[in-house]
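Data from start10.csv: CSV, C-alpha atoms and all ligand atoms
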chain,number,residue,atom,x,y,z
A,752,MET,CA,40.5,29.6,-22.9
A,753,GLU,CA,40.2,31.7,-19.9
A,754,ASP,CA,40.1,29.9,-16.6
A,755,THR,CA,36.7,29.8,-15.0
A,756,ILE,CA,36.5,30.3,-11.3
A,757,PRO,CA,34.3,27.5,-10.0
A,758,ASP,CA,31.4,28.2,-7.6
A,759,LYS,CA,31.9,24.9,-5.9
A,760,LYS,CA,34.7,22.3,-5.7
A,761,ILE,CA,34.6,18.7,-4.8
A,762,ASN,CA,37.4,16.2,-4.2
A,763,ILE,CA,36.4,12.7,-5.1
A,764,LYS,CA,39.9,11.1,-5.1
A,765,GLY,CA,39.8,7.5,-4.0
A,766,LEU,CA,36.2,7.0,-5.2
A,767,VAL,CA,35.4,4.6,-8.0
A,768,CYS,CA,32.3,4.3,-10.3
A,769,PRO,CA,29.4,4.7,-9.8
A,770,TYR,CA,30.1,6.8,-6.6
A,771,THR,CA,32.2,9.2,-8.6
A,772,PHE,CA,29.2,10.2,-10.7
A,773,VAL,CA,26.9,10.0,-7.7
A,774,LYS,CA,28.9,12.6,-5.8
A,775,ALA,CA,29.3,14.8,-8.8
A,776,LYS,CA,25.6,14.6,-9.6
A,777,LEU,CA,24.6,15.4,-6.0
A,778,ALA,CA,26.9,18.4,-6.1
A,779,ILE,CA,25.4,19.7,-9.4
A,780,GLU,CA,21.9,19.2,-8.0
A,781,SER,CA,22.6,21.5,-5.1
A,782,MET,CA,23.8,24.3,-7.3
A,783,GLU,CA,22.1,27.0,-9.4
A,784,ILE,CA,21.8,27.1,-13.1
A,785,GLY,CA,24.9,28.8,-14.7
A,786,GLN,CA,27.2,27.9,-11.7
A,787,VAL,CA,30.3,25.9,-12.3
A,788,LEU,CA,31.4,22.8,-10.4
A,789,GLU,CA,35.1,21.8,-10.3
A,790,ILE,CA,35.8,18.1,-9.6
A,791,LEU,CA,39.2,16.7,-8.6
A,792,LEU,CA,39.5,12.9,-9.2
A,793,ASP,CA,42.0,10.1,-9.6
A,794,TYR,CA,39.9,7.4,-11.1
A,795,GLU,CA,40.8,7.5,-14.8
A,796,GLU,CA,37.6,6.0,-16.1
A,797,ALA,CA,35.6,8.7,-14.4
A,798,SER,CA,37.5,11.4,-16.3
A,799,ARG,CA,35.7,10.1,-19.4
A,800,SER,CA,32.4,8.8,-17.9
A,801,ILE,CA,31.6,11.8,-15.8
A,802,PRO,CA,31.8,14.3,-18.7
A,803,LYS,CA,29.8,12.0,-20.9
A,804,SER,CA,27.1,11.4,-18.2
A,805,MET,CA,26.9,15.1,-17.4
A,806,GLU,CA,26.3,15.9,-21.1
A,807,ASP,CA,23.7,13.2,-21.3
A,808,HIS,CA,22.0,15.0,-18.3
A,809,GLY,CA,22.1,18.3,-20.2
A,810,GLN,CA,25.1,19.9,-18.4
A,811,LYS,CA,28.0,21.7,-20.1
A,812,VAL,CA,31.5,20.3,-19.8
A,813,LEU,CA,33.9,23.2,-19.7
A,814,LYS,CA,37.2,21.5,-18.9
A,815,VAL,CA,38.8,18.0,-18.7
A,816,GLU,CA,42.4,18.3,-17.7
A,817,LYS,CA,45.0,15.8,-16.5
A,818,VAL,CA,46.8,17.8,-13.8
A,819,SER,CA,49.3,15.2,-12.6
A,820,ASP,CA,50.2,11.5,-13.1
A,821,THR,CA,47.2,10.5,-11.1
A,822,ASP,CA,44.7,13.4,-11.0
A,823,TRP,CA,42.2,15.0,-13.3
A,824,VAL,CA,40.3,18.2,-13.0
A,825,LEU,CA,36.9,18.6,-14.6
A,826,GLN,CA,34.7,21.7,-14.8
A,827,ILE,CA,31.0,21.4,-15.4
A,828,ARG,CA,28.6,24.2,-15.8
A,829,LYS,CA,25.0,23.5,-14.6
A,830,ASP,CA,22.7,24.2,-17.6
A,831,LYS,CA,19.7,22.1,-16.6
A,832,ASP,CA,17.9,21.4,-13.3
P,309,MET,CA,18.7,15.6,2.3
P,310,ASP,CA,22.2,14.5,3.4
P,311,PHE,CA,22.9,10.9,2.5
P,312,THR,CA,25.2,8.8,4.6
P,313,ASP,CA,27.9,6.9,2.8
P,314,ASP,CA,25.9,3.7,3.1
P,315,GLN,CA,22.9,5.4,1.6
P,316,LEU,CA,24.9,6.8,-1.3
P,317,MET,CA,26.0,3.3,-2.1
P,318,ARG,CA,22.6,1.7,-1.5
P,319,TYR,CA,20.8,4.2,-3.7
P,320,SER,CA,23.5,5.0,-6.2
P,321,ARG,CA,21.7,3.4,-9.1
P,322,HIS,CA,18.7,5.5,-8.4
P,323,ILE,CA,20.7,8.8,-7.8
P,324,ILE,CA,22.4,8.5,-11.2
P,325,LEU,CA,19.1,8.3,-13.0
P,326,PRO,CA,18.1,11.8,-14.4
P,327,GLU,CA,14.5,11.1,-13.4
P,328,VAL,CA,15.4,10.4,-9.8
P,329,GLY,CA,18.6,12.0,-8.6
P,330,GLY,CA,19.3,13.0,-5.0
P,331,LYS,CA,16.1,15.0,-5.0
P,332,GLY,CA,14.0,12.1,-6.1
P,333,GLN,CA,15.6,9.8,-3.6
P,334,ALA,CA,14.8,12.3,-0.9
P,335,LYS,CA,11.1,12.2,-2.0
P,336,ILE,CA,11.2,8.4,-1.8
P,337,ALA,CA,12.7,8.6,1.7
P,338,LYS,CA,9.9,10.9,2.8
P,339,ALA,CA,7.0,8.9,1.3
P,340,LYS,CA,4.5,6.9,3.3
P,341,VAL,CA,2.9,4.0,1.6
P,342,PHE,CA,0.0,1.9,3.0
P,343,ILE,CA,-0.2,-1.7,1.7
P,344,ILE,CA,-3.4,-3.7,2.1
P,345,GLY,CA,-2.5,-7.4,2.4
P,346,ALA,CA,0.9,-9.1,3.1
P,347,GLY,CA,0.2,-12.0,0.7
P,348,GLY,CA,1.1,-12.6,-2.9
P,349,LEU,CA,1.0,-9.0,-4.0
P,350,GLY,CA,1.8,-7.2,-0.7
P,351,CYS,CA,5.1,-9.2,-0.4
P,352,PRO,CA,6.7,-8.1,-3.6
P,353,VAL,CA,5.3,-4.6,-3.5
P,354,GLY,CA,6.6,-4.1,0.1
P,355,TYR,CA,9.9,-5.8,-0.7
P,356,TYR,CA,10.7,-3.6,-3.7
P,357,LEU,CA,9.5,-0.4,-2.0
P,358,THR,CA,11.7,-1.3,0.9
P,359,ALA,CA,14.7,-1.8,-1.4
P,360,ALA,CA,13.9,1.5,-3.0
P,361,GLY,CA,14.0,3.3,0.4
P,362,VAL,CA,10.4,4.3,0.9
P,363,GLY,CA,10.5,6.0,4.3
P,364,THR,CA,7.4,4.4,5.9
P,365,ILE,CA,5.6,1.3,4.8
P,366,ALA,CA,2.5,0.1,6.6
P,367,LEU,CA,1.2,-3.4,6.1
P,368,ILE,CA,-2.2,-4.7,7.2
P,369,ASP,CA,-3.2,-8.3,7.2
P,370,ASN,CA,-4.9,-10.6,9.7
P,371,ASP,CA,-3.5,-13.9,8.6
P,372,THR,CA,-0.6,-16.1,9.8
P,373,VAL,CA,2.0,-17.6,7.5
P,374,GLU,CA,1.2,-21.1,6.2
P,375,MET,CA,3.2,-23.6,4.2
P,376,SER,CA,0.8,-23.1,1.2
P,377,ASN,CA,1.7,-19.4,1.1
P,378,LEU,CA,5.4,-20.0,0.3
P,379,GLN,CA,4.9,-20.8,-3.3
P,380,ARG,CA,4.3,-17.1,-4.0
P,381,GLN,CA,4.5,-14.9,-0.9
P,382,ILE,CA,8.2,-14.1,-1.0
P,383,ALA,CA,8.5,-12.2,2.2
P,384,HIS,CA,7.7,-15.3,4.3
P,385,SER,CA,9.7,-18.5,4.9
P,386,VAL,CA,9.7,-21.8,6.7
P,387,GLN,CA,11.1,-20.0,9.7
P,388,THR,CA,8.1,-17.7,10.0
P,389,ILE,CA,5.3,-20.3,9.5
P,390,GLY,CA,2.6,-19.7,12.2
P,391,MET,CA,3.8,-16.1,12.7
P,392,PRO,CA,1.5,-13.2,11.7
P,393,LYS,CA,2.2,-12.3,8.1
P,394,VAL,CA,2.7,-8.7,8.8
P,395,GLU,CA,5.4,-9.6,11.4
P,396,SER,CA,7.1,-12.0,9.1
P,397,ALA,CA,7.2,-9.4,6.3
P,398,LYS,CA,8.4,-6.7,8.7
P,399,ARG,CA,11.4,-8.9,9.6
P,400,THR,CA,12.2,-9.6,6.0
P,401,PHE,CA,11.9,-5.9,5.0
P,402,GLU,CA,14.0,-4.7,7.9
P,403,ALA,CA,16.7,-7.2,7.1
P,404,LEU,CA,16.8,-5.8,3.6
P,405,ASN,CA,16.9,-2.1,4.5
P,406,PRO,CA,17.1,-0.7,8.0
P,407,ASP,CA,16.3,2.8,6.7
P,408,VAL,CA,12.6,1.9,6.3
P,409,ASN,CA,10.1,2.2,9.0
P,410,VAL,CA,7.8,-0.9,8.6
P,411,VAL,CA,4.5,-0.6,10.5
P,412,ALA,CA,2.9,-4.0,11.0
P,413,ILE,CA,-0.9,-4.0,11.6
P,414,GLN,CA,-2.3,-7.4,12.4
P,415,LYS,CA,-6.0,-7.1,11.8
P,416,ARG,CA,-8.7,-7.4,9.1
P,417,ILE,CA,-9.4,-4.0,7.6
P,418,SER,CA,-12.9,-2.8,8.1
P,419,LYS,CA,-15.2,0.1,7.2
P,420,ASP,CA,-14.9,1.3,10.8
P,421,ASP,CA,-11.1,1.9,10.8
P,422,ILE,CA,-9.9,2.1,7.2
P,423,ILE,CA,-10.2,5.9,6.8
P,424,ASP,CA,-8.3,6.5,10.1
P,425,LEU,CA,-5.6,3.9,9.2
P,426,ILE,CA,-4.8,5.4,5.8
P,427,ARG,CA,-5.2,9.1,6.8
P,428,ASP,CA,-1.4,9.8,7.4
P,429,TYR,CA,-0.2,8.0,4.2
P,430,ASP,CA,0.5,9.4,0.8
P,431,ILE,CA,-0.4,6.3,-1.4
P,432,VAL,CA,-2.5,3.2,-0.8
P,433,VAL,CA,-1.7,-0.1,-2.5
P,434,ASP,CA,-4.4,-2.8,-2.7
P,435,GLY,CA,-2.9,-6.3,-2.6
P,436,SER,CA,-6.0,-7.9,-1.2
P,437,ASP,CA,-7.4,-11.1,-2.6
P,438,ASN,CA,-11.1,-10.6,-2.2
P,439,PHE,CA,-13.9,-8.4,-3.6
P,440,PRO,CA,-15.2,-7.1,-0.3
P,441,THR,CA,-11.8,-5.6,0.5
P,442,ARG,CA,-11.2,-4.3,-3.0
P,443,TYR,CA,-14.5,-2.3,-3.0
P,444,LEU,CA,-13.9,-1.1,0.6
P,445,VAL,CA,-10.5,0.1,-0.3
P,446,ASN,CA,-11.6,1.8,-3.5
P,447,ASP,CA,-14.4,3.6,-1.7
P,448,ALA,CA,-12.3,4.6,1.2
P,449,CYS,CA,-9.5,6.0,-1.0
P,450,PHE,CA,-12.1,8.0,-2.9
P,451,MET,CA,-13.5,9.5,0.3
P,452,ALA,CA,-10.1,10.1,1.8
P,453,ARG,CA,-8.7,11.4,-1.5
P,454,LYS,CA,-5.7,9.0,-1.6
P,455,PRO,CA,-4.1,7.7,-4.8
P,456,LEU,CA,-4.7,4.0,-5.0
P,457,VAL,CA,-2.7,1.4,-7.0
P,458,THR,CA,-4.8,-1.7,-7.2
P,459,GLY,CA,-3.8,-5.2,-8.5
P,460,ALA,CA,-5.5,-8.5,-8.8
P,461,ILE,CA,-4.3,-12.0,-9.8
P,462,LEU,CA,-6.0,-15.3,-10.7
P,463,ARG,CA,-4.6,-18.4,-12.2
P,464,PHE,CA,-2.3,-17.0,-15.0
P,465,GLU,CA,-3.8,-13.6,-15.3
P,466,GLY,CA,-3.3,-10.3,-13.5
P,467,GLN,CA,-4.4,-6.7,-13.8
P,468,VAL,CA,-3.2,-3.4,-12.5
P,469,THR,CA,-4.7,0.1,-12.5
P,470,THR,CA,-4.0,3.4,-10.7
P,471,ILE,CA,-6.8,5.5,-9.4
P,472,LEU,CA,-6.2,9.2,-8.6
P,473,PRO,CA,-8.4,11.2,-6.4
P,474,GLY,CA,-10.7,13.5,-8.4
P,475,ASP,CA,-8.9,12.7,-11.6
P,476,GLY,CA,-10.2,9.9,-13.8
P,477,PRO,CA,-12.3,6.8,-13.1
P,478,CYS,CA,-12.5,4.8,-9.9
P,479,TYR,CA,-12.8,1.1,-9.6
P,480,ARG,CA,-16.6,1.3,-9.5
P,481,CYS,CA,-16.5,3.1,-12.9
P,482,LEU,CA,-15.1,-0.2,-14.1
P,483,PHE,CA,-17.1,-2.7,-12.2
P,484,GLU,CA,-20.0,-1.1,-10.4
P,485,GLU,CA,-20.6,-3.8,-7.8
P,486,PRO,CA,-18.8,-6.8,-6.6
P,487,PRO,CA,-19.8,-10.0,-8.4
P,488,PRO,CA,-22.3,-12.2,-6.6
P,489,PRO,CA,-20.5,-14.6,-4.3
P,490,GLY,CA,-21.5,-17.7,-6.4
P,491,LEU,CA,-19.6,-16.3,-9.4
P,492,VAL,CA,-16.4,-15.9,-7.6
P,493,PRO,CA,-14.2,-19.0,-7.8
P,494,SER,CA,-14.1,-20.9,-4.5
P,495,CYS,CA,-10.8,-21.5,-2.6
P,496,GLN,CA,-10.3,-24.9,-4.2
P,497,GLU,CA,-10.7,-23.5,-7.7
P,498,ALA,CA,-8.5,-20.5,-7.2
P,499,GLY,CA,-5.1,-21.6,-8.3
P,500,VAL,CA,-2.4,-19.1,-9.2
P,501,LEU,CA,1.0,-19.4,-10.8
P,502,GLY,CA,3.4,-18.5,-8.0
P,503,VAL,CA,5.4,-16.0,-10.0
P,504,LEU,CA,2.4,-14.1,-11.3
P,505,PRO,CA,2.1,-11.9,-8.1
P,506,GLY,CA,5.7,-11.0,-8.6
P,507,VAL,CA,5.0,-9.6,-12.1
P,508,ILE,CA,1.8,-7.7,-10.9
P,509,GLY,CA,3.3,-6.6,-7.6
P,510,GLY,CA,6.4,-5.3,-9.5
P,511,LEU,CA,4.1,-3.3,-11.7
P,512,GLN,CA,2.3,-1.9,-8.7
P,513,ALA,CA,5.5,-0.9,-7.0
P,514,THR,CA,6.6,0.8,-10.2
P,515,GLU,CA,3.4,2.8,-10.2
P,516,VAL,CA,4.0,3.8,-6.6
P,517,LEU,CA,7.5,5.1,-7.3
P,518,LYS,CA,6.3,7.1,-10.3
P,519,LEU,CA,3.6,8.7,-8.2
P,520,ILE,CA,6.2,9.6,-5.5
P,521,LEU,CA,8.6,11.0,-8.1
P,522,GLY,CA,6.0,12.7,-10.2
P,523,LYS,CA,7.7,11.2,-13.3
P,524,GLY,CA,6.4,9.3,-16.3
P,525,GLU,CA,2.8,8.2,-16.9
P,526,VAL,CA,0.8,6.1,-14.5
P,527,LEU,CA,-2.1,3.7,-15.4
P,528,LYS,CA,-4.8,6.4,-14.8
P,529,GLY,CA,-7.9,5.6,-16.7
P,530,GLU,CA,-6.3,2.4,-18.0
P,531,LEU,CA,-6.4,-1.2,-16.9
P,532,LEU,CA,-3.3,-3.2,-17.7
P,533,MET,CA,-4.0,-6.9,-18.2
P,534,TYR,CA,-1.2,-9.5,-18.2
P,535,ASN,CA,-1.6,-13.0,-19.4
P,536,ALA,CA,1.3,-15.2,-18.3
P,537,LEU,CA,0.4,-18.2,-20.4
P,538,LYS,CA,0.3,-16.2,-23.6
P,539,THR,CA,2.9,-13.6,-22.5
P,540,THR,CA,0.7,-10.7,-23.5
P,541,PHE,CA,0.1,-7.3,-21.9
P,542,ARG,CA,-3.1,-5.5,-22.9
P,543,LYS,CA,-4.1,-2.0,-21.9
P,544,VAL,CA,-7.8,-1.2,-21.9
P,545,ARG,CA,-9.0,2.3,-21.6
P,546,VAL,CA,-11.5,2.8,-18.8
P,547,PRO,CA,-13.6,5.9,-19.1
P,548,LYS,CA,-15.0,7.7,-16.1
P,549,ASN,CA,-18.6,6.6,-15.7
P,550,PRO,CA,-20.7,9.8,-15.2
P,551,SER,CA,-23.3,7.7,-13.4
P,552,CYS,CA,-20.8,5.9,-11.2
P,553,PRO,CA,-22.5,5.2,-7.8
P,554,LEU,CA,-19.4,6.5,-6.0
P,555,CYS,CA,-17.6,9.2,-8.1
P,556,GLY,CA,-20.5,10.1,-10.5
P,557,ALA,CA,-22.6,13.2,-10.5
P,558,LYS,CA,-25.3,11.7,-8.3
P,559,PRO,CA,-23.6,9.3,-6.0
P,560,THR,CA,-25.6,6.7,-4.2
P,561,ILE,CA,-22.7,5.4,-2.2
P,562,THR,CA,-21.9,8.0,0.5
P,563,GLU,CA,-20.7,5.7,3.2
P,564,LEU,CA,-18.5,2.7,3.4
P,565,ILE,CA,-19.9,-0.8,2.9
P,566,ASP,CA,-18.7,-4.2,4.2
P,567,TYR,CA,-19.8,-6.8,1.7
P,568,ASN,CA,-18.5,-9.7,3.7
P,569,GLU,CA,-20.9,-12.5,3.6
P,570,GLY,CA,-20.6,-15.4,1.2
P,571,TYR,CA,-17.1,-14.8,0.1
P,572,CYS,CA,-14.2,-17.1,0.5
P,573,ALA,CA,-11.7,-15.2,2.7
P,574,MET,CA,-8.6,-16.7,1.2
A,901,ZN,ZN,-16.3,5.8,-10.2
Using C-alpha cells, write down the structure that the file contains.
Ligand SMILES: [Zn+2]
Amino acid sequence: MEDTIPDKKINIKGLVCPYTFVKAKLAIESMEIGQVLEILLDYEEASRSIPKSMEDHGQKVLKVEKVSDTDWVLQIRKDKD
Amino acid sequence: MDFTDDQLMRYSRHIILPEVGGKGQAKIAKAKVFIIGAGGLGCPVGYYLTAAGVGTIALIDNDTVEMSNLQRQIAHSVQTIGMPKVESAKRTFEALNPDVNVVAIQKRISKDDIIDLIRDYDIVVDGSDNFPTRYLVNDACFMARKPLVTGAILRFEGQVTTILPGDGPCYRCLFEEPPPPGLVPSCQEAGVLGVLPGVIGGLQATEVLKLILGKGEVLKGELLMYNALKTTFRKVRVPKNPSCPLCGAKPTITELIDYNEGYCAM
C-alpha cells in the first residue's frame, strides 16, 4: 500500500490507557473529515485498543505498524465527526 | 478548549465517550446551572455536576446544616453543622473539583428576585422540598424561558421530570395548583429513606448533562416515578394541558405567586 502523508502527527510515547486514546481522540476531533492522523506510541496495549476504539467511533484505520522494539505507528483517517 | 493535563486525566472517562468527547466536555465546562435547594436533592445534583466539570453552579438555600440533615444531605458533615448549607456545600464541591465556580446564595428564593437570579444561567434544577417553591420555580422558568429539571421525594418514592421552554407541558399542566396545606404531610410525618434523594438527584443530574450535551432523550412530557420499596420505575406520559393556567392558550397566571402560608418549611 502507498504511504499516506498524514495531515497531523502526535507523539504519545510514555502515555498509558486511557490517556493514549484521550489524546488520540482529541486530535481527531480537531481535524476535518478525510484528514489522516498519525500516532506514535510505545504502549503496546494501545496499539490494539486505539484502532479498535477508533473503528467503534466510525473512523478508518489505515495503518498499524511496529516500527521498532518499543514503538508503533498508527494512521487513522477521520470519517466521522 | 485546551485541557490541562489534570483536566485530561479528570475528564478522560467523559472524553472517550463518543457522545461527549472533548467538544462535549468543553460544553460542560461552559455551562451554568442554578440549583434551588442545598438539601437532599441539591447535594447529589451539585456534587455530580461538580465532578462532571460544570463551569458554574449556583446554589440557593436559606437553611443551616443540622444533625438531622446528615442522613441524606451528602454535601454536609459534622464539621459543617451550624454553617449555612450553601457554604457547606460550596466547600465540599470545591474540594472535589477546583475547576468549578460555585456561587453560594444564602437566602429564601422569592417572587421578587427569582427571575433576576436565574437570568444568567442555562438550566435550573429544582431540589426544593415544598410546594410554594416548586410552583414559583415552575412559573419563573416558564416566564424566563429556562429549561427546568424538577425532582421530588417523599418516604420511599420519588419523581423527576424535565420541562423545556415552549416545548411540551409545564408543571402546572400536571398539577394545576399546589395541594391545600392540610393535605401535605406535616414535618413529623414526612420521613424519607436517606438514599432516595441520591437516586432522584442522580437522575436530575443526568438530565442536566444530556441537556448540556444535546444528546439522548430527556424526560420531556414524561414523569418518571421511582418506588424504592418495590424497586420499580414507571414513566407516565404528561400531555400539555391546552387550558393550563400558565402555559395554556388563555393563561390566568401572568405574574409570580408566593403561596407561602400554611406550609411546613422543612
Ligand atoms: Zn402548563
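With atom CA of Val818 of chain A on one side and atom CA of Ile761 of chain A on the other, the separation reads 15.2 Å.
Set the cut-off at 7 Å, count all atoms listed in the file, and the residues of chain A near chain P turn out to be Pro769, Tyr770, Val773, Leu777 and His808 of chain A.
Residue nearest ligand ZN 901 (chain A), chosen from P:Ile561, P:Ala452, P:Val503, P:Leu462 and counting only C-alpha atoms and all ligand atoms: P:Ile561.
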Polymer residues at most 8 Å from Val373 of chain P, only C-alpha atoms, same-chain spacing of 3 or more positions, as a PyMOL selection string: chain P and resi 377+384+388-393+396
Counting only C-alpha atoms and all ligand atoms, what are the residues, protein, DNA or RNA alike, that approach ligand ZN 901 (chain A) to within 10 Å? I want them as a ChimeraX atom specification. /P:446-447,450,471,474,476-484,547-557,559
Generate a file of the selected residues that holds C-alpha atoms, formatted as an mmCIF file, keeping the file's coordinate frame.
data_model
loop_
_atom_site.group_PDB
_atom_site.id
_atom_site.type_symbol
_atom_site.label_atom_id
_atom_site.label_comp_id
_atom_site.auth_asym_id
_atom_site.auth_seq_id
_atom_site.Cartn_x
_atom_site.Cartn_y
_atom_site.Cartn_z
ATOM 1 C CA ASN P 446 -11.600 1.800 -3.500
ATOM 2 C CA ASP P 447 -14.400 3.600 -1.700
ATOM 3 C CA PHE P 450 -12.100 8.000 -2.900
ATOM 4 C CA ILE P 471 -6.800 5.500 -9.400
ATOM 5 C CA GLY P 474 -10.700 13.500 -8.400
ATOM 6 C CA GLY P 476 -10.200 9.900 -13.800
ATOM 7 C CA PRO P 477 -12.300 6.800 -13.100
ATOM 8 C CA CYS P 478 -12.500 4.800 -9.900
ATOM 9 C CA TYR P 479 -12.800 1.100 -9.600
ATOM 10 C CA ARG P 480 -16.600 1.300 -9.500
ATOM 11 C CA CYS P 481 -16.500 3.100 -12.900
ATOM 12 C CA LEU P 482 -15.100 -0.200 -14.100
ATOM 13 C CA PHE P 483 -17.100 -2.700 -12.200
ATOM 14 C CA GLU P 484 -20.000 -1.100 -10.400
ATOM 15 C CA PRO P 547 -13.600 5.900 -19.100
ATOM 16 C CA LYS P 548 -15.000 7.700 -16.100
ATOM 17 C CA ASN P 549 -18.600 6.600 -15.700
ATOM 18 C CA PRO P 550 -20.700 9.800 -15.200
ATOM 19 C CA SER P 551 -23.300 7.700 -13.400
ATOM 20 C CA CYS P 552 -20.800 5.900 -11.200
ATOM 21 C CA PRO P 553 -22.500 5.200 -7.800
ATOM 22 C CA LEU P 554 -19.400 6.500 -6.000
ATOM 23 C CA CYS P 555 -17.600 9.200 -8.100
ATOM 24 C CA GLY P 556 -20.500 10.100 -10.500
ATOM 25 C CA ALA P 557 -22.600 13.200 -10.500
ATOM 26 C CA PRO P 559 -23.600 9.300 -6.000
#
Could you pull the residues within 12 Å of segment 794-798 of chain A, counting only C-alpha atoms, minus those fewer than 5 positions along the same chain, as a PyMOL selection string? chain A and resi 762-775+803-805+812+814-827
Could you write those residues out with C-alpha atoms, as an mmCIF file, in the coordinates of the input?
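That gives us part16.cif:
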data_model
loop_
_atom_site.group_PDB
_atom_site.id
_atom_site.type_symbol
_atom_site.label_atom_id
_atom_site.label_comp_id
_atom_site.auth_asym_id
_atom_site.auth_seq_id
_atom_site.Cartn_x
_atom_site.Cartn_y
_atom_site.Cartn_z
ATOM 1 C CA ASN A 762 37.400 16.200 -4.200
ATOM 2 C CA ILE A 763 36.400 12.700 -5.100
ATOM 3 C CA LYS A 764 39.900 11.100 -5.100
ATOM 4 C CA GLY A 765 39.800 7.500 -4.000
ATOM 5 C CA LEU A 766 36.200 7.000 -5.200
ATOM 6 C CA VAL A 767 35.400 4.600 -8.000
ATOM 7 C CA CYS A 768 32.300 4.300 -10.300
ATOM 8 C CA PRO A 769 29.400 4.700 -9.800
ATOM 9 C CA TYR A 770 30.100 6.800 -6.600
ATOM 10 C CA THR A 771 32.200 9.200 -8.600
ATOM 11 C CA PHE A 772 29.200 10.200 -10.700
ATOM 12 C CA VAL A 773 26.900 10.000 -7.700
ATOM 13 C CA LYS A 774 28.900 12.600 -5.800
ATOM 14 C CA ALA A 775 29.300 14.800 -8.800
ATOM 15 C CA LYS A 803 29.800 12.000 -20.900
ATOM 16 C CA SER A 804 27.100 11.400 -18.200
ATOM 17 C CA MET A 805 26.900 15.100 -17.400
ATOM 18 C CA VAL A 812 31.500 20.300 -19.800
ATOM 19 C CA LYS A 814 37.200 21.500 -18.900
ATOM 20 C CA VAL A 815 38.800 18.000 -18.700
ATOM 21 C CA GLU A 816 42.400 18.300 -17.700
ATOM 22 C CA LYS A 817 45.000 15.800 -16.500
ATOM 23 C CA VAL A 818 46.800 17.800 -13.800
ATOM 24 C CA SER A 819 49.300 15.200 -12.600
ATOM 25 C CA ASP A 820 50.200 11.500 -13.100
ATOM 26 C CA THR A 821 47.200 10.500 -11.100
ATOM 27 C CA ASP A 822 44.700 13.400 -11.000
ATOM 28 C CA TRP A 823 42.200 15.000 -13.300
ATOM 29 C CA VAL A 824 40.300 18.200 -13.000
ATOM 30 C CA LEU A 825 36.900 18.600 -14.600
ATOM 31 C CA GLN A 826 34.700 21.700 -14.800
ATOM 32 C CA ILE A 827 31.000 21.400 -15.400
#
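You can rank P:Ala339, P:Ala359, P:Ala448, P:Ile422 by their closest distance to Thr400 of chain P using all atoms listed in the file, and at the top of that list sits P:Ala359.
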Pull the closest atom pair for each residue of segment 393-451 of chain P that gets at most 12 Å from segment 520-537 of chain P, along with the distance in Å to one decimal, counting all atoms listed in the file, ordering rows by chain and then ascending residue number, as CSV.
residue,atom,partner,partner_atom,distance
P:Tyr429,CA,P:Ile520,CA,11.7
P:Asp430,CA,P:Ile520,CA,8.5
P:Ile431,CA,P:Ile520,CA,8.4
P:Val432,CA,P:Ile520,CA,11.8
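Distance-wise, atom CA of Ile382 of chain P and atom CA of Pro352 of chain P end up 6.7 Å apart.
For the set P:Lys518, P:Ser436, P:Val445, P:Arg427, the residue with the smallest atom-to-atom gap to Val328 of chain P is P:Lys518, counting only C-alpha atoms.
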